[in-house]
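Novice: Structure: input-v9.cif, mmCIF, C-alpha atoms (C1' of nucleotides).
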```cif
data_entry
loop_
_atom_site.group_PDB
_atom_site.id
_atom_site.type_symbol
_atom_site.label_atom_id
_atom_site.label_comp_id
_atom_site.auth_asym_id
_atom_site.auth_seq_id
_atom_site.Cartn_x
_atom_site.Cartn_y
_atom_site.Cartn_z
ATOM 1 C CA MET A 875 -18.382 -17.143 -4.804
ATOM 2 C CA GLU A 876 -15.370 -16.399 -6.680
ATOM 3 C CA GLU A 877 -12.589 -14.486 -5.319
ATOM 4 C CA THR A 878 -10.522 -12.471 -7.702
ATOM 5 C CA SER A 879 -12.868 -13.149 -10.515
ATOM 6 C CA ASP A 880 -11.052 -10.873 -12.886
ATOM 7 C CA THR A 881 -8.339 -9.297 -10.845
ATOM 8 C CA PRO A 882 -5.118 -11.173 -10.256
ATOM 9 C CA ASP A 883 -3.369 -10.842 -6.964
ATOM 10 C CA ASP A 884 -0.477 -8.907 -8.383
ATOM 11 C CA GLU A 885 -2.756 -6.258 -9.762
ATOM 12 C CA LEU A 886 -4.521 -5.871 -6.454
ATOM 13 C CA ASP A 887 -1.153 -5.596 -4.776
ATOM 14 C CA ARG A 888 -0.074 -2.829 -7.058
ATOM 15 C CA ALA A 889 -3.374 -0.994 -6.973
ATOM 16 C CA PHE A 890 -3.717 -0.975 -3.201
ATOM 17 C CA LEU A 891 -0.072 -0.121 -2.795
ATOM 18 C CA ALA A 892 -0.447 2.730 -5.243
ATOM 19 C CA LEU A 893 -3.273 4.201 -3.210
ATOM 20 C CA ALA A 894 -1.387 3.795 0.046
ATOM 21 C CA ASP A 895 0.422 7.071 -0.515
ATOM 22 C CA PRO A 896 -1.165 10.481 0.041
ATOM 23 C CA VAL A 897 0.611 12.021 -2.923
ATOM 24 C CA ARG A 898 -0.696 9.371 -5.259
ATOM 25 C CA ARG A 899 -4.190 9.614 -3.818
ATOM 26 C CA ALA A 900 -4.107 13.348 -4.350
ATOM 27 C CA ILE A 901 -3.039 12.724 -7.925
ATOM 28 C CA VAL A 902 -5.976 10.398 -8.410
ATOM 29 C CA ALA A 903 -8.295 12.941 -6.846
ATOM 30 C CA ARG A 904 -7.041 15.602 -9.162
ATOM 31 C CA LEU A 905 -7.254 13.413 -12.219
ATOM 32 C CA SER A 906 -10.845 12.595 -11.440
ATOM 33 C CA ARG A 907 -11.583 16.185 -12.333
ATOM 34 C CA GLY A 908 -9.729 16.020 -15.585
ATOM 35 C CA SER A 909 -6.490 14.881 -17.127
ATOM 36 C CA ALA A 910 -3.296 16.722 -16.432
ATOM 37 C CA THR A 911 0.361 16.768 -17.320
ATOM 38 C CA VAL A 912 3.217 15.850 -15.053
ATOM 39 C CA ASN A 913 4.108 19.448 -14.323
ATOM 40 C CA GLU A 914 0.553 20.309 -13.467
ATOM 41 C CA LEU A 915 0.367 17.354 -11.171
ATOM 42 C CA ALA A 916 3.696 18.094 -9.567
ATOM 43 C CA ASP A 917 2.937 21.718 -8.919
ATOM 44 C CA PRO A 918 1.044 21.493 -5.615
ATOM 45 C CA PHE A 919 3.528 19.109 -4.038
ATOM 46 C CA PRO A 920 6.695 20.122 -2.248
ATOM 47 C CA ILE A 921 8.653 17.315 -3.866
ATOM 48 C CA SER A 922 10.625 17.194 -7.071
ATOM 49 C CA LYS A 923 9.160 16.505 -10.474
ATOM 50 C CA GLN A 924 11.177 13.348 -10.699
ATOM 51 C CA ALA A 925 9.506 12.067 -7.588
ATOM 52 C CA VAL A 926 6.074 12.862 -9.001
ATOM 53 C CA SER A 927 7.052 11.190 -12.226
ATOM 54 C CA LYS A 928 7.855 8.080 -10.255
ATOM 55 C CA HIS A 929 4.513 8.258 -8.487
ATOM 56 C CA ILE A 930 2.790 8.444 -11.825
ATOM 57 C CA GLN A 931 4.702 5.413 -13.000
ATOM 58 C CA VAL A 932 3.525 3.552 -9.943
ATOM 59 C CA LEU A 933 -0.052 4.529 -10.673
ATOM 60 C CA GLU A 934 0.366 3.538 -14.296
ATOM 61 C CA GLN A 935 1.792 0.141 -13.452
ATOM 62 C CA ALA A 936 -1.087 -0.304 -11.055
ATOM 63 C CA GLY A 937 -3.455 0.296 -13.935
ATOM 64 C CA LEU A 938 -4.993 3.294 -12.224
ATOM 65 C CA VAL A 939 -3.958 5.816 -14.832
ATOM 66 C CA THR A 940 -3.102 5.815 -18.505
ATOM 67 C CA ARG A 941 -0.941 8.163 -20.482
ATOM 68 C CA THR A 942 -1.036 9.517 -23.963
ATOM 69 C CA ARG A 943 1.411 11.521 -25.921
ATOM 70 C CA ASP A 944 0.962 15.067 -27.069
ATOM 71 C CA ALA A 945 4.178 16.477 -28.414
ATOM 72 C CA GLN A 946 6.590 16.537 -25.488
ATOM 73 C CA ARG A 947 3.808 16.394 -22.974
ATOM 74 C CA ARG A 948 2.508 13.188 -21.553
ATOM 75 C CA PRO A 949 -0.963 13.858 -20.253
ATOM 76 C CA VAL A 950 -2.152 11.495 -17.548
ATOM 77 C CA HIS A 951 -5.703 10.210 -17.412
ATOM 78 C CA LEU A 952 -7.557 8.388 -14.716
ATOM 79 C CA ALA A 953 -8.526 4.802 -15.493
ATOM 80 C CA PRO A 954 -11.622 4.238 -13.394
ATOM 81 C CA GLU A 955 -11.994 0.558 -14.183
ATOM 82 C CA ARG A 956 -9.221 -0.404 -11.839
ATOM 83 C CA LEU A 957 -10.794 1.631 -9.086
ATOM 84 C CA GLU A 958 -13.951 -0.316 -9.631
ATOM 85 C CA ALA A 959 -11.999 -3.526 -9.357
ATOM 86 C CA LEU A 960 -10.856 -2.409 -5.937
ATOM 87 C CA THR A 961 -14.342 -1.660 -4.725
ATOM 88 C CA ALA A 962 -15.390 -4.996 -6.139
ATOM 89 C CA TRP A 963 -12.779 -6.705 -4.009
ATOM 90 C CA ILE A 964 -13.666 -4.789 -0.886
ATOM 91 C CA ASP A 965 -17.362 -5.323 -1.340
ATOM 92 C CA ARG A 966 -16.856 -9.028 -1.121
ATOM 93 C CA TYR A 967 -15.663 -8.714 2.442
ATOM 94 C CA ARG A 968 -17.449 -5.656 3.713
ATOM 95 C CA LEU A 969 -20.371 -7.750 4.745
ATOM 96 C CA VAL A 970 -19.394 -10.041 7.531
ATOM 97 C CA ARG A 971 -21.361 -13.176 7.146
ATOM 98 C CA GLU A 972 -21.293 -14.906 10.427
ATOM 99 C CA SER A 973 -23.251 -17.737 11.798
ATOM 100 C CA GLN A 974 -23.706 -20.099 8.943
ATOM 101 C CA TYR A 975 -20.230 -19.877 7.598
ATOM 102 C CA ARG A 976 -18.454 -19.990 10.876
ATOM 103 C CA SER A 977 -19.072 -23.652 11.426
ATOM 104 C CA LEU A 978 -17.639 -24.459 8.065
ATOM 105 C CA ASP A 979 -14.530 -22.585 8.140
ATOM 106 C CA ALA A 980 -12.966 -21.610 11.362
ATOM 107 C CA LEU A 981 -9.753 -22.921 10.048
ATOM 108 C CA LEU A 982 -8.659 -23.177 6.546
ATOM 109 C CA GLY A 983 -7.027 -25.657 4.467
ATOM 110 C CA SER A 984 -5.677 -25.121 1.070
ATOM 111 C CA THR A 985 -4.527 -21.621 0.852
ATOM 112 C CA GLY A 986 -1.125 -20.429 0.072
ATOM 113 C CA PRO A 987 -0.306 -16.774 0.142
ATOM 114 C CA GLY A 988 -1.894 -15.246 -2.824
ATOM 115 C CA ALA A 989 -4.771 -17.602 -3.134
ATOM 116 C CA PRO A 990 -8.063 -17.058 -1.470
ATOM 117 C CA PRO A 991 -8.737 -19.293 1.462
ATOM 118 C CA HIS A 992 -11.098 -22.125 1.560
ATOM 119 C CA HIS A 993 -12.513 -23.798 4.526
ATOM 120 C CA HIS A 994 -11.901 -26.610 6.845
ATOM 121 C CA ALA A 995 -13.697 -27.613 9.971
ATOM 122 C CA PRO A 996 -11.983 -27.255 13.244
ATOM 123 C CA PRO A 997 -12.980 -25.693 16.520
ATOM 124 C CA PRO A 998 -14.404 -22.311 15.934
ATOM 125 C CA ASP A 999 -14.146 -19.733 18.602
ATOM 126 C CA LYS A 1000 -17.146 -17.722 19.441
ATOM 127 C CA GLU A 1001 -16.192 -14.197 19.202
ATOM 128 C CA HIS A 1002 -18.325 -11.912 17.229
ATOM 129 C CA PRO A 1003 -17.315 -8.516 16.101
ATOM 130 C CA SER A 1004 -19.293 -6.006 17.962
ATOM 131 C CA MET B 755 -8.097 21.477 5.479
ATOM 132 C CA GLU B 756 -10.956 19.622 6.959
ATOM 133 C CA GLU B 757 -9.726 16.132 6.780
ATOM 134 C CA THR B 758 -10.838 15.157 10.225
ATOM 135 C CA SER B 759 -14.447 15.078 9.255
ATOM 136 C CA ASP B 760 -14.181 12.005 7.156
ATOM 137 C CA THR B 761 -11.082 9.888 7.064
ATOM 138 C CA PRO B 762 -7.711 11.326 7.896
ATOM 139 C CA ASP B 763 -4.913 10.789 5.498
ATOM 140 C CA ASP B 764 -2.955 8.622 7.877
ATOM 141 C CA GLU B 765 -5.779 6.179 8.276
ATOM 142 C CA LEU B 766 -6.243 5.867 4.554
ATOM 143 C CA ASP B 767 -2.508 5.353 4.230
ATOM 144 C CA ARG B 768 -2.514 2.542 6.719
ATOM 145 C CA ALA B 769 -5.665 0.925 5.411
ATOM 146 C CA PHE B 770 -4.601 0.870 1.784
ATOM 147 C CA LEU B 771 -1.125 -0.197 2.732
ATOM 148 C CA ALA B 772 -2.522 -3.002 4.833
ATOM 149 C CA LEU B 773 -4.485 -4.321 1.880
ATOM 150 C CA ALA B 774 -1.498 -4.081 -0.444
ATOM 151 C CA ASP B 775 -0.238 -7.451 0.722
ATOM 152 C CA PRO B 776 -1.687 -10.775 -0.424
ATOM 153 C CA VAL B 777 -1.232 -12.365 2.981
ATOM 154 C CA ARG B 778 -3.144 -9.616 4.697
ATOM 155 C CA ARG B 779 -5.868 -9.655 2.057
ATOM 156 C CA ALA B 780 -6.205 -13.378 2.548
ATOM 157 C CA ILE B 781 -6.505 -12.780 6.272
ATOM 158 C CA VAL B 782 -9.265 -10.269 5.658
ATOM 159 C CA ALA B 783 -11.009 -12.676 3.337
ATOM 160 C CA ARG B 784 -10.721 -15.368 5.912
ATOM 161 C CA LEU B 785 -12.024 -13.170 8.687
ATOM 162 C CA SER B 786 -15.023 -12.165 6.652
ATOM 163 C CA ARG B 787 -16.261 -15.681 7.254
ATOM 164 C CA GLY B 788 -15.732 -15.523 10.958
ATOM 165 C CA SER B 789 -13.234 -14.601 13.590
ATOM 166 C CA ALA B 790 -10.102 -16.630 14.079
ATOM 167 C CA THR B 791 -7.053 -16.848 16.265
ATOM 168 C CA VAL B 792 -3.522 -16.112 15.229
ATOM 169 C CA ASN B 793 -2.640 -19.758 14.941
ATOM 170 C CA GLU B 794 -5.637 -20.470 12.797
ATOM 171 C CA LEU B 795 -4.794 -17.579 10.570
ATOM 172 C CA ALA B 796 -1.157 -18.519 10.339
ATOM 173 C CA ASP B 797 -1.749 -22.133 9.476
ATOM 174 C CA PRO B 798 -2.267 -21.909 5.713
ATOM 175 C CA PHE B 799 0.693 -19.653 5.127
ATOM 176 C CA PRO B 800 4.225 -20.883 4.637
ATOM 177 C CA ILE B 801 5.583 -18.171 6.866
ATOM 178 C CA SER B 802 6.180 -18.132 10.578
ATOM 179 C CA LYS B 803 3.543 -17.300 13.155
ATOM 180 C CA GLN B 804 5.548 -14.301 14.202
ATOM 181 C CA ALA B 805 5.271 -12.944 10.693
ATOM 182 C CA VAL B 806 1.517 -13.487 10.687
ATOM 183 C CA SER B 807 1.297 -11.805 14.052
ATOM 184 C CA LYS B 808 3.013 -8.789 12.543
ATOM 185 C CA HIS B 809 0.573 -8.798 9.660
ATOM 186 C CA ILE B 810 -2.288 -8.791 12.107
ATOM 187 C CA GLN B 811 -0.757 -5.879 13.940
ATOM 188 C CA VAL B 812 -0.602 -3.997 10.678
ATOM 189 C CA LEU B 813 -4.250 -4.746 10.022
ATOM 190 C CA GLU B 814 -5.147 -3.716 13.553
ATOM 191 C CA GLN B 815 -3.315 -0.423 13.322
ATOM 192 C CA ALA B 816 -5.058 0.150 10.025
ATOM 193 C CA GLY B 817 -8.367 -0.267 11.819
ATOM 194 C CA LEU B 818 -9.337 -3.185 9.637
ATOM 195 C CA VAL B 819 -9.493 -5.742 12.421
ATOM 196 C CA THR B 820 -10.071 -5.730 16.141
ATOM 197 C CA ARG B 821 -8.972 -8.156 18.785
ATOM 198 C CA THR B 822 -10.466 -9.448 21.957
ATOM 199 C CA ARG B 823 -9.183 -11.682 24.640
ATOM 200 C CA ASP B 824 -10.370 -15.196 25.293
ATOM 201 C CA ALA B 825 -8.195 -16.841 27.890
ATOM 202 C CA GLN B 826 -4.780 -16.993 26.354
ATOM 203 C CA ARG B 827 -6.129 -16.613 22.849
ATOM 204 C CA ARG B 828 -6.463 -13.320 21.074
ATOM 205 C CA PRO B 829 -9.181 -13.834 18.490
ATOM 206 C CA VAL B 830 -9.150 -11.453 15.550
ATOM 207 C CA HIS B 831 -12.310 -9.970 14.099
ATOM 208 C CA LEU B 832 -12.942 -8.076 10.927
ATOM 209 C CA ALA B 833 -13.920 -4.429 11.358
ATOM 210 C CA PRO B 834 -15.962 -3.690 8.258
ATOM 211 C CA GLU B 835 -16.354 0.021 8.904
ATOM 212 C CA ARG B 836 -12.896 0.776 7.748
ATOM 213 C CA LEU B 837 -13.453 -1.191 4.592
ATOM 214 C CA GLU B 838 -16.479 0.945 3.961
ATOM 215 C CA ALA B 839 -14.369 4.032 4.455
ATOM 216 C CA LEU B 840 -12.135 2.789 1.682
ATOM 217 C CA THR B 841 -14.976 2.240 -0.731
ATOM 218 C CA ALA B 842 -16.278 5.649 0.232
ATOM 219 C CA TRP B 843 -12.977 7.181 -0.771
ATOM 220 C CA ILE B 844 -12.753 5.283 -4.011
ATOM 221 C CA ASP B 845 -16.326 6.039 -4.963
ATOM 222 C CA ARG B 846 -15.544 9.731 -4.947
ATOM 223 C CA TYR B 847 -13.161 9.293 -7.824
ATOM 224 C CA ARG B 848 -14.555 6.385 -9.713
ATOM 225 C CA LEU B 849 -16.806 8.627 -11.666
ATOM 226 C CA VAL B 850 -14.855 10.666 -14.121
ATOM 227 C CA ARG B 851 -16.890 13.508 -15.443
ATOM 228 C CA GLU B 852 -16.784 13.334 -19.168
ATOM 229 C CA SER B 853 -17.040 16.993 -19.905
ATOM 230 C CA GLN B 854 -13.787 17.676 -18.147
ATOM 231 C CA TYR B 855 -12.277 14.704 -19.792
ATOM 232 C CA ARG B 856 -13.139 16.116 -23.129
ATOM 233 C CA SER B 857 -11.736 19.473 -22.223
ATOM 234 C CA LEU B 858 -8.361 17.836 -22.017
ATOM 235 C CA ASP B 859 -7.652 18.792 -25.544
ATOM 236 C CA ALA B 860 -8.462 22.387 -24.859
ATOM 237 C CA LEU B 861 -6.311 22.306 -21.788
ATOM 238 C CA LEU B 862 -3.386 20.863 -23.591
ATOM 239 C CA GLY B 863 -3.750 23.334 -26.363
ATOM 240 C CA SER B 864 -3.908 26.365 -24.153
ATOM 241 C CA THR B 865 -1.476 25.545 -21.445
ATOM 242 C CA GLY B 866 1.612 27.222 -22.694
ATOM 243 C CA PRO B 867 5.070 27.355 -21.192
ATOM 244 C CA GLY B 868 4.991 29.626 -18.264
ATOM 245 C CA ALA B 869 1.698 28.008 -17.515
ATOM 246 C CA PRO B 870 -0.347 30.716 -15.932
ATOM 247 C CA PRO B 871 -3.917 30.386 -17.068
ATOM 248 C CA HIS B 872 -5.793 27.393 -15.879
ATOM 249 C CA HIS B 873 -9.256 27.911 -17.065
ATOM 250 C CA HIS B 874 -11.174 25.120 -15.508
ATOM 251 C CA ALA B 875 -14.381 26.827 -14.825
ATOM 252 C CA PRO B 876 -16.636 24.148 -13.368
ATOM 253 C CA PRO B 877 -14.849 22.829 -10.303
ATOM 254 C CA PRO B 878 -17.645 21.338 -8.317
ATOM 255 C CA ASP B 879 -15.367 19.822 -5.780
ATOM 256 C CA LYS B 880 -12.105 20.455 -4.157
ATOM 257 C CA GLU B 881 -10.185 17.692 -2.599
ATOM 258 C CA HIS B 882 -13.167 15.797 -1.344
ATOM 259 C CA PRO B 883 -16.113 15.848 -3.553
ATOM 260 C CA SER B 884 -18.828 14.604 -1.427
ATOM 261 C "C1'" DG C 99 4.371 -25.670 41.313
ATOM 262 C "C1'" DC C 100 5.382 -27.056 36.592
ATOM 263 C "C1'" DC C 101 4.375 -27.806 31.747
ATOM 264 C "C1'" DT C 102 1.806 -26.897 27.498
ATOM 265 C "C1'" DT C 103 -0.486 -23.859 24.398
ATOM 266 C "C1'" DG C 104 -0.925 -19.361 22.343
ATOM 267 C "C1'" DT C 105 1.055 -15.095 21.283
ATOM 268 C "C1'" DT C 106 4.361 -11.484 21.368
ATOM 269 C "C1'" DC C 107 8.961 -9.149 21.876
ATOM 270 C "C1'" DA C 108 13.802 -8.353 20.361
ATOM 271 C "C1'" DA C 109 17.531 -8.459 17.294
ATOM 272 C "C1'" DC C 110 18.749 -8.996 12.808
ATOM 273 C "C1'" DC C 111 18.773 -9.093 7.608
ATOM 274 C "C1'" DA C 112 17.641 -8.390 2.494
ATOM 275 C "C1'" DG C 113 15.066 -5.842 -0.469
ATOM 276 C "C1'" DA C 114 11.918 -2.272 -1.890
ATOM 277 C "C1'" DA C 115 9.903 2.531 -1.506
ATOM 278 C "C1'" DG C 116 10.342 7.360 -1.598
ATOM 279 C "C1'" DG C 117 13.208 11.050 -1.824
ATOM 280 C "C1'" DT C 118 17.253 13.730 -3.726
ATOM 281 C "C1'" DT C 119 20.453 15.679 -7.554
ATOM 282 C "C1'" DG C 120 22.449 15.710 -12.147
ATOM 283 C "C1'" DA C 121 22.445 14.581 -16.889
ATOM 284 C "C1'" DC C 122 19.881 13.764 -21.020
ATOM 285 C "C1'" DA C 123 16.110 12.890 -24.853
ATOM 286 C "C1'" DA C 124 12.267 15.019 -27.342
ATOM 287 C "C1'" DC C 125 9.940 18.568 -28.980
ATOM 288 C "C1'" DA C 126 8.453 23.771 -29.619
ATOM 289 C "C1'" DC C 127 9.741 28.442 -30.349
ATOM 290 C "C1'" DC C 128 12.685 32.258 -31.868
ATOM 291 C "C1'" DG D 1083 20.545 26.321 -35.334
ATOM 292 C "C1'" DG D 1084 20.286 27.503 -30.682
ATOM 293 C "C1'" DT D 1085 17.455 27.939 -26.583
ATOM 294 C "C1'" DG D 1086 14.099 26.589 -23.359
ATOM 295 C "C1'" DT D 1087 10.353 23.672 -21.682
ATOM 296 C "C1'" DT D 1088 8.734 18.938 -20.520
ATOM 297 C "C1'" DG D 1089 9.618 14.727 -18.755
ATOM 298 C "C1'" DT D 1090 12.519 10.644 -17.881
ATOM 299 C "C1'" DC D 1091 16.754 7.929 -16.701
ATOM 300 C "C1'" DA D 1092 20.550 6.853 -13.554
ATOM 301 C "C1'" DA D 1093 22.964 6.765 -9.345
ATOM 302 C "C1'" DC D 1094 22.617 7.307 -4.638
ATOM 303 C "C1'" DC D 1095 20.783 7.630 0.145
ATOM 304 C "C1'" DT D 1096 17.660 6.711 3.944
ATOM 305 C "C1'" DT D 1097 13.817 4.603 5.893
ATOM 306 C "C1'" DC D 1098 10.362 1.091 6.027
ATOM 307 C "C1'" DT D 1099 8.726 -3.550 5.173
ATOM 308 C "C1'" DG D 1100 8.502 -8.472 5.441
ATOM 309 C "C1'" DG D 1101 10.807 -12.208 6.726
ATOM 310 C "C1'" DT D 1102 13.764 -15.006 9.929
ATOM 311 C "C1'" DT D 1103 15.189 -17.099 14.681
ATOM 312 C "C1'" DG D 1104 15.235 -17.374 19.639
ATOM 313 C "C1'" DA D 1105 13.639 -16.108 23.909
ATOM 314 C "C1'" DA D 1106 9.905 -14.450 26.939
ATOM 315 C "C1'" DC D 1107 5.295 -13.561 28.655
ATOM 316 C "C1'" DA D 1108 0.304 -15.018 29.735
ATOM 317 C "C1'" DA D 1109 -3.265 -18.279 30.928
ATOM 318 C "C1'" DG D 1110 -4.935 -22.988 31.728
ATOM 319 C "C1'" DG D 1111 -4.215 -27.960 32.533
ATOM 320 C "C1'" DC D 1112 -1.818 -31.480 35.155
#
```
Would it be possible to restate this file's structure as structure tokens?

Specialist:
Amino acid sequence: MEETSDTPDDELDRAFLALADPVRRAIVARLSRGSATVNELADPFPISKQAVSKHIQVLEQAGLVTRTRDAQRRPVHLAPERLEALTAWIDRYRLVRESQYRSLDALLGSTGPGAPPHHHAPPPDKEHPS
Amino acid sequence: MEETSDTPDDELDRAFLALADPVRRAIVARLSRGSATVNELADPFPISKQAVSKHIQVLEQAGLVTRTRDAQRRPVHLAPERLEALTAWIDRYRLVRESQYRSLDALLGSTGPGAPPHHHAPPPDKEHPS
DNA sequence: GCCTTGTTCAACCAGAAGGTTGACAACACC
DNA sequence: GGTGTTGTCAACCTTCTGGTTGAACAAGGC
């Protein structure tokens, strides 16, 4: 069981943070139907183009979109691999594995922030998620 | 506007935002192996318990964890449904249809200044493709 | 009743996020 | 060459976030 097999913490940070904004999610949704330019992306939103440009930069730094150059236009394309990395992360924890692991790990030992936790062996409480 | 059927924007906001922090992701990872109390969760992190308590509140408001009461303890449990809602959202956009992708060139070529004619004929989905 | 454990509340602070406006670079068109 | 479109950069403002410390509340144990 490897955590973060190919996705560093920073990248997960940026990717989740990028999707934590409705404007950026709408941009992703729109890009999934085809690439678009900044103006096209900015059009449906009541905010300035500069703000949308910033959103796109956030998405780009998160690895969720890429950009090419076509004259003065900078078309934006969705980069689905990063989205798959997110589902990969989530899928590791969607399934709550209970009984057998609980005895091993109720506490933890060696984890700093940013590193996935390991296990220890202290007094587990017996609450199960309904 | 039929957002209420699936996952409202606010909930997605909170859920993605909650996962955009390495401490909170580590808490989720930890909880996937079994429920834990605030003290247990706070132990591996170099931050105060109050800070961890805040993180847990963020996760709770995001619907990612639930809490019960056990004497003076407040054990925290993972709530996998919300995680599945996130993968459900992502899965809508992971798949980029190639035909539209290819039509990028046509789009770029035809979208003139003044930008009136968007000629995307095959829009199978709107905001939420199933 | 009092003390200990577990958790939260309140006030506060530094830094980042998201928005604005204005100016400017790059390129196309006339 | 001048004009206009596309997009970004810079400065600025406001709000939110993540952290701190210190005190307070809740439930058992003595």

Novice: What would the selection look like, as a list in words, if the PyMOL selection byres ((chain B) within 12 of (chain C)) were run on the coordinates I just shared?

Specialist: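 Given this file, the PyMOL selection byres ((chain B) within 12 of (chain C)) evaluates to Thr791, Val792, Asn793, Glu794, Ala796, Lys803, Gln804, Ala805, Val806, Ser807, Lys808, Ile810, Gln811, Arg823, Asp824, Ala825, Gln826, Arg827, Arg828, Pro829, Gly866 and Pro867 of chain B.
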
Novice: Can you measure CA of Ala936 in chain A to CA of Leu960 in chain A for me? One decimal in Å is fine.

Specialist: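 Calculated distance between CA of Ala936 in chain A and CA of Leu960 in chain A is 11.2 Å.
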
Novice: Quick check on the file I pasted: which residues fall under the PyMOL selection byres ((chain B and resi 812) around 12)? Write them as a ChimeraX atom specification.

Specialist: /B:765,767-775,777-779,781-782,805-811,813-820 /D:1099-1100

Novice: What are the residues of chain D lining chain A at 12 Å or less? Count only C-alpha atoms (C1' of nucleotides), and put the answer as a list in words.

Specialist: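 So the residues of chain D near chain A are DT1087, DT1088, DG1089, DT1090, DC1091 and DA1092 of chain D.
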
Novice: Just the selected residues (C-alpha atoms (C1' of nucleotides)), exported as a PDB file, in the frame of the given file, please.

Specialist:
```pdb
ATOM      1  C1'  DT D1087      10.353  23.672 -21.682  1.00  0.00           C
ATOM      2  C1'  DT D1088       8.734  18.938 -20.520  1.00  0.00           C
ATOM      3  C1'  DG D1089       9.618  14.727 -18.755  1.00  0.00           C
ATOM      4  C1'  DT D1090      12.519  10.644 -17.881  1.00  0.00           C
ATOM      5  C1'  DC D1091      16.754   7.929 -16.701  1.00  0.00           C
ATOM      6  C1'  DA D1092      20.550   6.853 -13.554  1.00  0.00           C
TER       7       DA D1092
END
```

Novice: Considering only C-alpha atoms, state which residue in the set A:Arg968, A:Arg941, A:Arg956, A:His951 is at the smallest distance from chain B.

Specialist: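 Using only C-alpha atoms, chain B sits closest to A:Arg968.
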
Novice: Would you mind reading off the distance between CA of Leu952 in chain A and CA of Leu905 in chain A, one decimal, in Å?

Specialist: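 Interatomic distance, CA of Leu952 in chain A to CA of Leu905 in chain A: 5.6 Å.
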
Novice: Just how far from CA of Pro882 in chain A is CA of Ala953 in chain A, in Å to one decimal?

Specialist: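 One can read the CA of Ala953 in chain A to CA of Pro882 in chain A distance as 17.2 Å.
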
Novice: If I only want range 112-123 of chain C, can you write it with N, CA, C and O atoms (P, O5', C5', C4', C3', O3' and C1' of nucleotides), as a compact mmCIF listing (two decimals), in the first residue's frame?

Specialist:
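Contents of selection-v4.txt, as written:
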```
# COMPACT_ATOMS: atom_id res chain seq x y z
P DA C 112 1.25 40.06 12.61
O5' DA C 112 1.57 38.96 11.50
C5' DA C 112 2.33 37.81 11.87
C4' DA C 112 2.36 36.83 10.72
C3' DA C 112 2.76 37.43 9.38
O3' DA C 112 3.55 36.49 8.67
C1' DA C 112 0.52 36.62 9.27
P DG C 113 4.14 36.89 7.24
O5' DG C 113 3.19 36.12 6.21
C5' DG C 113 2.99 34.73 6.40
C4' DG C 113 1.87 34.24 5.49
C3' DG C 113 2.01 34.69 4.03
O3' DG C 113 1.69 33.58 3.22
C1' DG C 113 -0.12 35.24 4.84
P DA C 114 2.24 33.45 1.71
O5' DA C 114 0.95 32.95 0.93
C5' DA C 114 0.21 31.85 1.46
C4' DA C 114 -1.24 31.95 1.05
C3' DA C 114 -1.46 32.21 -0.45
O3' DA C 114 -2.46 31.34 -0.90
C1' DA C 114 -2.66 33.76 0.83
P DA C 115 -2.69 31.11 -2.49
O5' DA C 115 -4.28 30.96 -2.54
C5' DA C 115 -5.05 31.22 -1.37
C4' DA C 115 -6.47 31.61 -1.73
C3' DA C 115 -6.75 31.70 -3.22
O3' DA C 115 -8.13 31.45 -3.43
C1' DA C 115 -6.86 33.85 -2.26
P DG C 116 -8.68 31.20 -4.91
O5' DG C 116 -9.52 32.52 -5.21
C5' DG C 116 -10.67 32.81 -4.43
C4' DG C 116 -11.15 34.21 -4.74
C3' DG C 116 -11.23 34.51 -6.25
O3' DG C 116 -12.52 35.04 -6.55
C1' DG C 116 -10.00 36.19 -5.12
P DG C 117 -12.94 35.24 -8.06
O5' DG C 117 -12.89 36.83 -8.23
C5' DG C 117 -13.86 37.63 -7.57
C4' DG C 117 -13.37 39.04 -7.35
C3' DG C 117 -13.01 39.83 -8.61
O3' DG C 117 -14.17 40.38 -9.22
C1' DG C 117 -11.51 40.29 -6.80
P DT C 118 -14.04 41.11 -10.61
O5' DT C 118 -13.35 42.51 -10.25
C5' DT C 118 -14.03 43.43 -9.40
C4' DT C 118 -13.15 44.64 -9.11
C3' DT C 118 -12.70 45.38 -10.37
O3' DT C 118 -13.59 46.46 -10.63
C1' DT C 118 -10.85 45.04 -8.84
P DT C 119 -13.61 47.09 -12.05
O5' DT C 119 -12.27 47.94 -12.10
C5' DT C 119 -12.09 49.03 -11.18
C4' DT C 119 -10.71 49.64 -11.37
C3' DT C 119 -10.44 50.18 -12.78
O3' DT C 119 -9.99 51.52 -12.70
C1' DT C 119 -8.71 48.68 -12.12
P DG C 120 -9.84 52.35 -14.02
O5' DG C 120 -8.29 52.16 -14.36
C5' DG C 120 -7.33 52.45 -13.36
C4' DG C 120 -5.93 52.26 -13.91
C3' DG C 120 -5.75 52.71 -15.36
O3' DG C 120 -4.50 53.39 -15.49
C1' DG C 120 -5.11 50.45 -15.13
P DA C 121 -4.06 53.99 -16.90
O5' DA C 121 -2.82 53.07 -17.30
C5' DA C 121 -1.75 52.93 -16.37
C4' DA C 121 -0.79 51.85 -16.84
C3' DA C 121 -0.24 52.04 -18.26
O3' DA C 121 1.14 51.77 -18.26
C1' DA C 121 -1.25 49.92 -18.06
P DC C 122 2.01 52.04 -19.57
O5' DC C 122 2.27 50.58 -20.17
C5' DC C 122 2.78 49.57 -19.32
C4' DC C 122 2.77 48.23 -20.04
C3' DC C 122 3.23 48.30 -21.51
O3' DC C 122 4.11 47.24 -21.76
C1' DC C 122 1.20 47.17 -21.34
P DA C 123 5.24 47.31 -22.87
O5' DA C 123 5.19 45.86 -23.53
C5' DA C 123 5.58 44.75 -22.75
C4' DA C 123 5.06 43.47 -23.39
C3' DA C 123 5.47 43.30 -24.85
O3' DA C 123 5.75 41.92 -25.06
C1' DA C 123 3.11 43.31 -24.67
```
